[in-house]
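K.L.:
So I've got this file, coords_29.tsv, and it contains TSV, C-alpha atoms:
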```tsv
chain	number	residue	atom	x	y	z
A	1	MET	CA	77.15	131.12	154.82
A	2	THR	CA	80.40	132.87	155.74
A	3	VAL	CA	81.45	130.04	158.04
A	4	ALA	CA	80.56	127.40	155.43
A	5	GLN	CA	82.48	129.28	152.75
A	6	ALA	CA	85.51	129.59	155.03
A	7	VAL	CA	85.47	125.84	155.64
A	8	ALA	CA	85.22	125.17	151.88
A	9	ALA	CA	88.09	127.60	151.25
A	10	ALA	CA	90.26	125.80	153.79
A	11	VAL	CA	89.47	122.41	152.23
A	12	VAL	CA	90.41	123.66	148.76
A	13	ALA	CA	93.61	125.29	150.03
A	14	VAL	CA	94.74	122.02	151.62
A	15	ARG	CA	93.99	120.11	148.43
A	16	LEU	CA	95.80	122.59	146.19
A	17	ALA	CA	98.81	122.59	148.52
A	18	ARG	CA	99.35	118.93	147.66
A	19	GLY	CA	100.55	120.14	144.27
A	20	ARG	CA	103.94	120.87	145.88
A	21	THR	CA	104.62	117.13	145.95
A	22	ARG	CA	103.71	116.48	142.32
A	23	PRO	CA	106.04	114.00	140.58
A	24	ALA	CA	107.82	115.13	137.45
A	25	ALA	CA	105.86	114.93	134.21
A	26	LEU	CA	106.61	112.04	131.88
A	27	ALA	CA	109.17	112.79	129.18
A	28	PRO	CA	111.04	110.62	126.64
A	29	ASP	CA	114.25	109.08	127.95
A	30	PRO	CA	116.50	108.03	125.03
A	31	SER	CA	118.80	106.15	127.40
A	32	ARG	CA	116.01	103.91	128.67
A	33	PRO	CA	116.37	100.27	127.51
A	34	PRO	CA	113.56	98.91	125.33
A	35	PRO	CA	110.55	97.78	127.39
A	36	GLU	CA	108.87	94.41	127.29
A	37	PRO	CA	106.56	94.09	124.26
A	38	VAL	CA	103.58	96.42	124.52
A	39	SER	CA	100.13	95.73	123.12
A	40	VAL	CA	97.95	98.82	122.66
A	41	VAL	CA	94.19	98.27	122.82
A	42	ILE	CA	91.84	100.93	121.42
A	43	PRO	CA	88.06	100.55	121.90
A	44	ALA	CA	86.35	102.20	118.95
A	45	ARG	CA	82.69	102.77	118.17
A	46	ASP	CA	82.05	104.98	115.12
A	47	GLU	CA	85.53	106.54	115.29
A	48	GLU	CA	86.41	106.61	111.59
A	49	SER	CA	87.03	110.36	111.63
A	50	ARG	CA	89.47	110.28	114.57
A	51	LEU	CA	91.11	106.87	114.59
A	52	ALA	CA	94.05	107.50	112.22
A	53	GLY	CA	95.58	110.15	114.49
A	54	CYS	CA	95.79	107.58	117.26
A	55	VAL	CA	96.78	104.42	115.37
A	56	ALA	CA	99.39	105.78	112.92
A	57	PRO	CA	101.96	107.04	115.51
A	58	LEU	CA	101.57	103.85	117.54
A	59	LEU	CA	102.41	101.65	114.56
A	60	ALA	CA	105.62	103.66	114.13
A	61	ASP	CA	106.60	103.30	117.81
A	62	PRO	CA	109.35	100.67	118.31
A	63	ALA	CA	108.06	99.92	121.82
A	64	VAL	CA	104.69	98.79	120.46
A	65	ARG	CA	104.36	95.15	119.42
A	66	GLU	CA	100.78	95.37	118.17
A	67	VAL	CA	97.86	97.75	117.95
A	68	ILE	CA	94.45	96.18	118.54
A	69	VAL	CA	91.32	98.09	117.59
A	70	VAL	CA	88.16	96.62	119.09
A	71	ASP	CA	85.38	97.54	116.68
A	72	ASP	CA	82.44	97.98	119.05
A	73	GLU	CA	79.62	97.43	116.53
A	74	SER	CA	80.47	100.58	114.57
A	75	HIS	CA	78.10	101.84	111.90
A	76	ASP	CA	80.81	103.62	109.91
A	77	GLY	CA	84.12	102.53	108.38
A	78	THR	CA	86.05	102.24	111.65
A	79	ALA	CA	87.04	98.60	111.13
A	80	GLU	CA	88.03	99.04	107.48
A	81	LEU	CA	90.19	102.06	108.28
A	82	ALA	CA	91.92	100.27	111.15
A	83	ARG	CA	92.80	97.35	108.87
A	84	ARG	CA	94.13	99.67	106.16
A	85	LEU	CA	96.34	101.40	108.70
A	86	GLY	CA	97.81	98.05	109.78
A	87	ALA	CA	96.08	97.48	113.11
A	88	THR	CA	94.66	94.16	114.25
A	89	VAL	CA	90.86	94.40	114.35
A	90	VAL	CA	88.79	92.52	116.90
A	91	SER	CA	85.12	92.48	115.92
A	92	GLY	CA	83.37	93.12	119.21
A	93	ALA	CA	80.39	91.00	120.15
A	94	PRO	CA	77.23	92.69	121.45
A	95	PRO	CA	77.54	93.55	125.16
A	96	PRO	CA	75.98	90.95	127.47
A	97	ALA	CA	73.21	92.06	129.80
A	98	GLY	CA	74.53	94.25	132.59
A	99	TRP	CA	77.66	95.39	130.72
A	100	VAL	CA	78.45	98.93	129.58
A	101	GLY	CA	79.77	98.80	126.02
A	102	LYS	CA	83.26	100.21	126.59
A	103	GLN	CA	84.06	97.78	129.40
A	104	TRP	CA	82.95	94.86	127.27
A	105	ALA	CA	85.11	96.07	124.37
A	106	LEU	CA	88.13	96.42	126.66
A	107	HIS	CA	87.48	93.02	128.19
A	108	GLN	CA	87.66	91.46	124.70
A	109	GLY	CA	90.65	93.53	123.59
A	110	VAL	CA	92.80	92.79	126.63
A	111	ARG	CA	92.23	89.05	126.30
A	112	ALA	CA	93.26	89.24	122.63
A	113	ALA	CA	96.51	91.08	123.43
A	114	ALA	CA	99.74	89.13	122.90
A	115	GLY	CA	102.15	91.38	124.79
A	116	PRO	CA	102.79	91.13	128.55
A	117	ILE	CA	102.14	94.88	128.93
A	118	VAL	CA	98.88	96.44	127.78
A	119	VAL	CA	98.27	100.13	127.16
A	120	LEU	CA	94.68	101.28	126.70
A	121	LEU	CA	94.07	104.41	124.64
A	122	ASP	CA	90.89	106.12	123.48
A	123	ALA	CA	90.52	106.74	119.76
A	124	ASP	CA	90.59	110.52	120.21
A	125	THR	CA	94.05	110.50	121.82
A	126	ARG	CA	97.18	111.54	119.93
A	127	PRO	CA	100.16	109.60	121.37
A	128	LYS	CA	103.71	110.73	120.72
A	129	PRO	CA	106.96	108.72	120.53
A	130	GLY	CA	108.08	107.56	123.95
A	131	LEU	CA	104.66	107.40	125.63
A	132	CYS	CA	104.36	103.62	125.75
A	133	ALA	CA	107.97	103.15	126.86
A	134	GLU	CA	107.51	105.59	129.75
A	135	LEU	CA	104.27	103.95	130.84
A	136	ALA	CA	105.88	100.51	130.68
A	137	ALA	CA	108.83	101.70	132.79
A	138	LEU	CA	106.49	102.88	135.54
A	139	LEU	CA	105.06	99.37	135.80
A	140	ASP	CA	108.26	98.34	137.59
A	141	ALA	CA	107.00	100.34	140.59
A	142	TYR	CA	103.23	100.38	140.05
A	143	ASP	CA	100.51	97.95	139.02
A	144	LEU	CA	98.20	100.41	137.22
A	145	VAL	CA	99.43	103.59	135.57
A	146	SER	CA	97.24	106.36	134.17
A	147	ALA	CA	98.35	109.43	132.26
A	148	GLY	CA	96.87	112.89	131.92
A	149	PRO	CA	97.07	114.48	128.44
A	150	ARG	CA	97.14	117.99	127.04
A	151	PHE	CA	93.72	118.99	125.77
A	152	VAL	CA	93.07	120.42	122.33
A	153	CYS	CA	90.14	122.86	122.26
A	154	GLY	CA	88.50	124.35	119.20
A	155	GLY	CA	88.04	127.92	120.38
A	156	ALA	CA	88.16	130.35	123.31
A	157	VAL	CA	84.68	129.59	124.66
A	158	GLU	CA	85.20	125.83	124.38
A	159	GLN	CA	88.51	126.14	126.21
A	160	ALA	CA	86.99	128.36	128.91
A	161	LEU	CA	84.16	125.92	129.65
A	162	HIS	CA	86.49	122.93	129.51
A	163	ALA	CA	88.99	124.55	131.91
A	164	SER	CA	86.24	125.56	134.31
A	165	LEU	CA	84.93	121.99	134.44
A	166	LEU	CA	88.48	120.69	134.85
A	167	ALA	CA	88.95	123.06	137.79
A	168	THR	CA	86.01	121.42	139.58
A	169	LEU	CA	87.98	118.16	139.59
A	170	VAL	CA	91.04	119.90	141.05
A	171	TYR	CA	88.93	121.54	143.78
A	172	ARG	CA	87.40	118.18	144.67
A	173	PHE	CA	90.42	115.87	144.41
A	174	GLY	CA	93.54	117.99	144.25
A	175	PRO	CA	96.17	118.24	141.48
A	176	LEU	CA	97.17	115.40	139.16
A	177	GLY	CA	100.14	113.38	140.40
A	178	PRO	CA	100.32	113.19	144.20
A	179	GLU	CA	99.15	109.97	145.80
A	180	ALA	CA	95.44	110.00	146.70
A	181	VAL	CA	94.65	110.59	150.37
A	182	SER	CA	92.31	107.57	150.32
A	183	VAL	CA	90.98	105.01	147.86
A	184	ASP	CA	87.65	106.88	147.73
A	185	ARG	CA	89.48	110.00	146.50
A	186	LEU	CA	91.59	108.25	143.86
A	187	LEU	CA	91.32	109.38	140.24
A	188	VAL	CA	92.58	107.85	137.01
A	189	ASN	CA	92.06	108.80	133.39
A	190	GLY	CA	90.49	106.12	131.23
A	191	GLN	CA	91.84	107.72	128.06
A	192	CYS	CA	95.25	106.24	128.90
A	193	LEU	CA	95.91	103.27	131.19
A	194	ALA	CA	98.73	100.74	131.41
A	195	PHE	CA	99.08	97.45	133.28
A	196	ARG	CA	100.40	93.90	133.00
A	197	LYS	CA	97.97	91.68	131.16
A	198	ALA	CA	98.34	88.66	133.43
A	199	ARG	CA	97.41	90.62	136.56
A	200	MET	CA	94.40	92.27	134.93
A	201	VAL	CA	93.08	88.97	133.59
A	202	GLU	CA	93.54	87.40	137.02
A	203	ALA	CA	91.68	90.31	138.68
A	204	ASP	CA	88.91	90.17	136.04
A	205	GLY	CA	88.94	93.95	136.36
A	206	PHE	CA	86.55	94.93	133.59
A	207	ALA	CA	83.94	92.41	134.66
A	208	ARG	CA	83.96	93.91	138.14
A	209	ILE	CA	83.12	97.37	136.81
A	210	ARG	CA	80.90	96.19	133.98
A	211	ARG	CA	77.88	98.30	135.00
A	212	HIS	CA	79.73	101.60	135.61
A	213	LEU	CA	79.56	104.57	133.25
A	214	THR	CA	82.47	106.11	135.17
A	215	ASP	CA	84.53	103.08	134.26
A	216	ASP	CA	88.05	104.45	134.71
A	217	VAL	CA	87.68	105.65	138.30
A	218	ALA	CA	85.65	102.55	139.17
A	219	LEU	CA	88.48	100.34	137.90
A	220	GLY	CA	91.23	102.26	139.69
A	221	ARG	CA	89.42	102.25	143.03
A	222	ALA	CA	88.38	98.59	142.82
A	223	LEU	CA	91.96	97.49	142.12
A	224	ALA	CA	93.42	99.84	144.73
A	225	ARG	CA	91.19	98.19	147.33
A	226	ASP	CA	92.81	94.90	146.29
A	227	GLY	CA	96.23	96.37	147.07
A	228	TRP	CA	97.22	97.46	143.56
A	229	ARG	CA	99.66	100.37	143.48
A	230	VAL	CA	98.10	103.05	141.28
A	231	ALA	CA	99.89	106.04	139.73
A	232	PHE	CA	98.42	109.01	137.86
A	233	ARG	CA	101.05	111.02	135.99
A	234	ASP	CA	101.17	114.12	133.82
A	235	ALA	CA	102.01	113.01	130.27
A	236	GLY	CA	101.13	116.21	128.44
A	237	ALA	CA	104.42	116.22	126.54
A	238	LEU	CA	103.66	112.74	125.19
A	239	LEU	CA	99.88	112.69	124.76
A	240	GLU	CA	97.23	115.06	123.44
A	241	VAL	CA	93.50	114.53	123.15
A	242	ASP	CA	90.90	116.28	121.04
A	243	MET	CA	87.71	115.18	122.74
A	244	HIS	CA	85.06	117.68	121.71
A	245	GLU	CA	83.65	119.21	118.57
A	246	SER	CA	81.92	122.26	120.08
A	247	VAL	CA	80.97	124.07	123.28
A	248	ALA	CA	77.71	122.11	123.37
A	249	ASP	CA	79.69	118.87	123.06
A	250	VAL	CA	81.86	119.86	126.06
A	251	TRP	CA	78.73	120.58	128.09
A	252	ARG	CA	77.12	117.30	127.12
A	253	GLN	CA	80.08	114.91	127.31
A	254	TRP	CA	81.73	116.28	130.45
A	255	GLY	CA	78.33	116.30	132.11
A	256	ARG	CA	77.91	112.60	131.50
A	257	SER	CA	80.40	111.62	134.18
A	258	ILE	CA	81.93	114.68	135.84
A	259	ALA	CA	80.01	114.14	139.10
A	260	LEU	CA	81.44	110.59	139.38
A	261	ARG	CA	78.05	109.72	140.80
A	262	ASP	CA	78.29	105.95	140.37
A	263	VAL	CA	81.61	105.73	142.24
A	264	THR	CA	80.88	108.29	144.98
A	265	SER	CA	78.74	108.00	148.08
A	266	ALA	CA	75.84	110.42	148.46
A	267	ALA	CA	77.53	112.11	151.43
A	268	ARG	CA	80.81	112.70	149.60
A	269	LEU	CA	78.94	113.90	146.53
A	270	ALA	CA	77.09	116.46	148.63
A	271	GLY	CA	80.39	117.60	150.10
A	272	ASP	CA	81.94	117.97	146.64
A	273	LEU	CA	79.00	120.06	145.45
A	274	GLY	CA	79.26	122.27	148.52
A	275	VAL	CA	82.97	122.90	148.00
A	276	VAL	CA	82.53	123.84	144.32
A	277	TRP	CA	79.55	126.12	144.93
A	278	LEU	CA	81.06	127.91	147.93
A	279	ALA	CA	84.69	128.16	146.85
A	280	ALA	CA	84.34	128.57	143.08
A	281	ALA	CA	80.86	129.65	141.99
A	282	LEU	CA	79.84	131.96	144.86
A	283	PRO	CA	82.81	134.36	144.55
A	284	VAL	CA	82.08	134.87	140.83
A	285	LEU	CA	78.38	135.46	141.48
A	286	ARG	CA	79.10	137.97	144.23
A	287	LEU	CA	81.64	139.75	142.05
A	288	ALA	CA	79.07	139.98	139.25
A	289	ALA	CA	76.58	141.44	141.73
A	290	GLY	CA	79.15	144.01	142.87
A	291	ARG	CA	79.21	142.67	146.44
A	292	PRO	CA	82.32	140.52	146.86
A	293	ALA	CA	83.50	139.92	150.41
A	294	PRO	CA	87.22	139.80	151.24
A	295	LEU	CA	87.09	136.00	151.28
A	296	ASP	CA	85.51	136.04	147.80
A	297	LEU	CA	88.39	138.14	146.50
A	298	ALA	CA	90.91	135.80	148.10
A	299	LEU	CA	89.21	132.81	146.49
A	300	LEU	CA	89.18	134.53	143.11
A	301	ALA	CA	92.91	135.23	143.43
A	302	GLN	CA	93.46	131.57	144.26
A	303	ARG	CA	91.40	130.57	141.25
A	304	PHE	CA	93.53	132.66	138.91
A	305	LEU	CA	96.64	131.04	140.36
A	306	LEU	CA	95.07	127.71	139.37
A	307	VAL	CA	94.62	129.10	135.85
A	308	ALA	CA	98.39	129.55	135.65
A	309	ALA	CA	98.94	126.01	136.92
A	310	LEU	CA	96.57	124.61	134.28
A	311	ARG	CA	98.42	126.13	131.32
A	312	GLY	CA	100.37	122.91	130.84
A	313	SER	CA	97.11	120.97	130.51
A	314	TYR	CA	96.28	122.64	127.17
A	315	ALA	CA	97.99	122.33	123.83
A	316	ARG	CA	97.30	125.98	123.02
A	317	PRO	CA	96.42	127.85	126.23
A	318	GLY	CA	94.89	131.22	125.45
A	319	VAL	CA	92.26	133.73	126.39
A	320	GLY	CA	89.74	130.97	127.00
A	321	LEU	CA	91.84	129.54	129.82
A	322	MET	CA	92.29	133.02	131.33
A	323	ALA	CA	88.54	133.64	131.23
A	324	SER	CA	87.59	130.24	132.64
A	325	PRO	CA	86.91	131.46	136.23
A	326	LEU	CA	84.04	133.54	134.84
A	327	LEU	CA	82.27	130.29	133.93
A	328	ASP	CA	82.69	128.64	137.33
A	329	ALA	CA	79.02	129.19	138.20
A	330	ALA	CA	78.03	127.46	134.95
A	331	ALA	CA	80.40	124.60	135.76
A	332	ALA	CA	78.82	124.26	139.21
A	333	VAL	CA	75.38	124.08	137.57
A	334	ARG	CA	76.61	121.35	135.20
A	335	LEU	CA	78.17	119.41	138.06
A	336	THR	CA	74.97	119.62	140.07
A	337	ARG	CA	72.85	118.50	137.15
A	338	SER	CA	75.21	115.58	136.54
A	339	ALA	CA	74.84	114.56	140.19
A	340	LEU	CA	71.05	114.88	140.35
A	341	LEU	CA	70.03	113.97	136.79
A	342	PRO	CA	72.75	111.67	135.45
A	343	THR	CA	72.89	110.72	131.79
A	344	ARG	CA	72.24	107.02	131.12
A	345	THR	CA	72.91	107.03	127.38
A	346	TRP	CA	76.29	106.83	125.66
A	347	ARG	CA	77.31	106.11	122.08
A	348	GLY	CA	73.75	105.27	121.11
A	349	ARG	CA	73.20	102.80	123.94
A	350	ARG	CA	70.96	103.27	126.94
A	351	TYR	CA	71.79	101.76	130.31
A	352	GLY	CA	69.79	100.98	133.44
A	353	ARG	CA	69.74	102.84	136.73
A	354	ALA	CA	72.51	100.64	138.11
A	355	ALA	CA	75.00	102.41	135.80
A	356	VAL	CA	74.49	105.74	137.61
A	357	ARG	CA	73.45	104.65	141.11
A	358	PRO	CA	75.52	106.40	143.83
A	359	GLY	CA	78.08	104.15	145.44
A	360	GLY	CA	81.31	102.43	144.43
A	361	PRO	CA	82.70	99.57	142.36
A	362	SER	CA	82.49	95.95	143.39
A	363	ARG	CA	85.01	95.03	146.04
A	364	ARG	CA	85.18	91.36	145.12
A	365	PRO	CA	85.85	89.60	141.82
A	366	VAL	CA	82.73	88.39	140.08
A	367	ARG	CA	82.24	85.68	137.48
A	368	SER	CA	82.32	87.29	134.06
A	369	ALA	CA	79.91	86.56	131.26
A	370	ALA	CA	82.73	84.96	129.27
A	371	ARG	CA	83.19	82.37	132.02
```
Re-express the file's structure as structure tokens.
P.N.:
Amino acid sequence: MTVAQAVAAAVVAVRLARGRTRPAALAPDPSRPPPEPVSVVIPARDEESRLAGCVAPLLADPAVREVIVVDDESHDGTAELARRLGATVVSGAPPPAGWVGKQWALHQGVRAAAGPIVVLLDADTRPKPGLCAELAALLDAYDLVSAGPRFVCGGAVEQALHASLLATLVYRFGPLGPEAVSVDRLLVNGQCLAFRKARMVEADGFARIRRHLTDDVALGRALARDGWRVAFRDAGALLEVDMHESVADVWRQWGRSIALRDVTSAARLAGDLGVVWLAAALPVLRLAAGRPAPLDLALLAQRFLLVAALRGSYARPGVGLMASPLLDAAAAVRLTRSALLPTRTWRGRRYGRAAVRPGGPSRRPVRSAAR
């Protein structure tokens, strides 16, 4: 156990050290010339309560040519609200067999976009002036750009659990920003993506990942294998997201995809679980039992240094963030459950085993249902 923990500690230390090469966070640049016209596509299913906070600032952004809301068979007033706000509404058709609903909605929305640059945003995001212009500027050097937001949490316990789950991603993949060490370790954030429409339509990207519940990472890795240059940047100053309504909602929603089971091989998934249990959960458990070893104390010190680094990831960092290491064992349990017993339901739809089967996205373009 000691040898295994030492190996896990070394792996985590190497990954965290990559944070020294992090690119600068995105920030508004008033001197930047106006970008090419940007179309923003927002997939929305029963998002009436959250949609206005996303759509309204986009409609006031001079870089945005149009805002398209794809109404994914909502049962509430999502479509009516989007129209009242001034967005273009695309009434989504039912997903064809073999498609996850969000990918099908994005597939329809991207094809309806008029601008040469497309930005995808989730309905629970809160974009600020300058976000779309900065994303568009990065497309001069990259083919797919993703942005990490600042998270809004409703209370100390919610923030503690959220930050502990977020730390498992950092321990497994390293900090946001530096280039991935391999395609199989690449991460992107599906809450905010930008690309050129013509290239995405040519790649038929959303059809290729149509079965994946972890759609964002599946898309990024599939396109990176094709030679796309992919960037993942910190955009906390320009984007916030209020994802969850309660602690139980954090546990449920993060657990749906946090293992990345459908885009990760079984061997890598086992390695990720081992690193999190040995380097994050075990030190807390031994401390609680009153028997921490020197390596446990070193790992706990490292974990609290990560707490300081994560302050910029939260709109209102507080006591919950500071206490998050105490929930690392719970986060390891949730990660393990997500890996072994993955959720196959989302937004009222249930998907087959293919949506959570260990592996990776399709490496070759496939013929889409629309064709």
K.L.:
Which residues come within 8 Å of region 309-311 of chain A, counting only C-alpha atoms, excluding same-chain residues fewer than 5 positions away, as a VMD selection string?
P.N.:
chain A and resid 163 317 321
K.L.:
Any chance you could export the current selection's C-alpha atoms as an mmCIF file, keeping the file's coordinate frame?
P.N.:
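Output below, filename out39.cif:
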```cif
data_model
loop_
_atom_site.group_PDB
_atom_site.id
_atom_site.type_symbol
_atom_site.label_atom_id
_atom_site.label_comp_id
_atom_site.auth_asym_id
_atom_site.auth_seq_id
_atom_site.Cartn_x
_atom_site.Cartn_y
_atom_site.Cartn_z
ATOM 1 C CA ALA A 163 88.990 124.550 131.910
ATOM 2 C CA PRO A 317 96.420 127.850 126.230
ATOM 3 C CA LEU A 321 91.840 129.540 129.820
#
```
K.L.:
Might I get the box with edges along x, y and z of the file that holds all atoms of region 218-224 of chain A listed there, padded by 3 Å on every side, given as centre and edge lengths in Å to one decimal, as AutoDock Vina command-line options?
P.N.:
```
--center_x 89.5 --center_y 100.0 --center_z 141.3 --size_x 13.8 --size_y 11.1 --size_z 12.8
```
K.L.:
Could you jot down the CA of Ile68 (chain A) to CA of Ala113 (chain A) separation for me, Å, one decimal place?
P.N.:
7.4 Å
K.L.:
Hey, which of A:Val118, A:Leu297, A:Leu144, A:Leu341 ends up closest to Pro283 (chain A)? Count only C-alpha atoms.
P.N.:
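Among the listed residues, A:Leu297 lies closest to Pro283 (chain A).
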K.L.:
Counting all atoms listed in the file, figure out which residue out of A:Ala332, A:Ala323, A:Leu269, A:Ala231 gets nearest to Pro178 (chain A).
P.N.:
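Closest to Pro178 (chain A) of all the choices is A:Ala231.
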K.L.:
Go through A:Ala147, A:Ala136, A:Leu161, A:Ala270 one by one, measure the shortest atom-to-atom distance of each to Trp251 (chain A) using all atoms listed in the file, and give the residue with the smallest value.
P.N.:
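Among the listed residues, A:Leu161 lies closest to Trp251 (chain A).
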K.L.:
Choose the residue, out of A:Val250, A:Ala207, A:Ala222, A:Ala25, that has the smallest atom-to-atom separation from Trp99 (chain A); count all atoms listed in the file.
P.N.:
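Smallest distance to Trp99 (chain A) is found for A:Ala207.
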K.L.:
Considering all atoms listed in the file, can you say which of A:Val263, A:Ala10, A:Val276, A:Cys192 comes closest to Arg233 (chain A)?
P.N.:
A:Cys192
K.L.:
Pick the closest to Arg208 (chain A) from A:Trp104, A:Leu238, A:Trp346, A:Arg334: which is it, counting all atoms listed in the file?
P.N.:
A:Trp104
K.L.:
Set the distance at 7 Å and use only C-alpha atoms: which residues neighbour Asp216 (chain A) once local chain neighbours fewer than 4 positions away are removed? I'd like the list as a list in words.
P.N.:
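Here the answer would be Val188, Asn189, Gly190 and Gly220 of chain A.
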K.L.:
Expressed in Å to a single decimal, how great is the separation between CA of Ala237 (chain A) and CA of Pro127 (chain A)?
P.N.:
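These atoms are spaced 9.4 Å apart.
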K.L.:
If you count all atoms listed in the file, which residues fall within 8 Å of Arg229 (chain A), apart from same-chain ones fewer than 2 positions away, as an mmCIF file with C-alpha atoms, keeping the file's coordinate frame?
P.N.:
```cif
data_model
loop_
_atom_site.group_PDB
_atom_site.id
_atom_site.type_symbol
_atom_site.label_atom_id
_atom_site.label_comp_id
_atom_site.auth_asym_id
_atom_site.auth_seq_id
_atom_site.Cartn_x
_atom_site.Cartn_y
_atom_site.Cartn_z
ATOM 1 C CA ALA A 141 107.000 100.340 140.590
ATOM 2 C CA TYR A 142 103.230 100.380 140.050
ATOM 3 C CA ASP A 143 100.510 97.950 139.020
ATOM 4 C CA LEU A 144 98.200 100.410 137.220
ATOM 5 C CA ALA A 224 93.420 99.840 144.730
ATOM 6 C CA GLY A 227 96.230 96.370 147.070
ATOM 7 C CA ALA A 231 99.890 106.040 139.730
#
```
K.L.:
Please provide as a list in words all residues within 12 Å of Val183 (chain A), with the sequence filter that same-chain residues fewer than 3 positions apart are discarded (counting only C-alpha atoms).
P.N.:
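My list of contacting residues is Phe173, Glu179, Ala180, Leu186, Leu187, Val188, Val217, Ala218, Leu219, Gly220, Arg221, Ala222, Leu223, Ala224, Arg225, Asp226, Gly227, Trp228, Arg229, Val230, Val263, Thr264, Gly360, Pro361 and Arg363 of chain A.
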K.L.:
At a cut-off of 12 Å from (93.0, 135.2, 126.8) in the coordinates of the file, what residues are picked up using all atoms listed in the file, written as a PyMOL selection string?
P.N.:
chain A and resi 155-157+159-160+307-308+311+316-325
K.L.:
Each residue of region 45-100 of chain A with at least one atom at most 10 Å from region 239-247 of chain A should appear once, together with its nearest atom pair and the corresponding distance in Å (one decimal); atoms considered: only C-alpha atoms; ordering: chain, then increasing residue number; output as a Markdown table.
P.N.:
```
| residue | atom | partner | partner_atom | distance |
| --- | --- | --- | --- | --- |
| A:Arg50 | CA | A:Asp242 | CA | 8.9 |
| A:Gly53 | CA | A:Val241 | CA | 9.9 |
| A:Cys54 | CA | A:Val241 | CA | 9.4 |
```
K.L.:
Please indicate the distance in Å from CA of Glu66 (chain A) to CA of Glu80 (chain A), rounded to one decimal place.
P.N.:
17.0 Å
K.L.:
For Val11 (chain A), list every protein, DNA or RNA residue within 12 Å, evaluated using all atoms listed in the file, and leave out those in the same chain fewer than 2 positions away; present the list as a PyMOL selection string.
P.N.:
chain A and resi 4-9+13-18+170-174+271-272+274-276+278-279+299
K.L.:
Do you know which residues lie at most 8 Å from (78.4, 127.1, 141.5), with coordinates as in the file and all atoms listed in the file counted, and could you write them as a VMD selection string?
P.N.:
chain A and resid 276 to 278 280 to 282 328 to 333
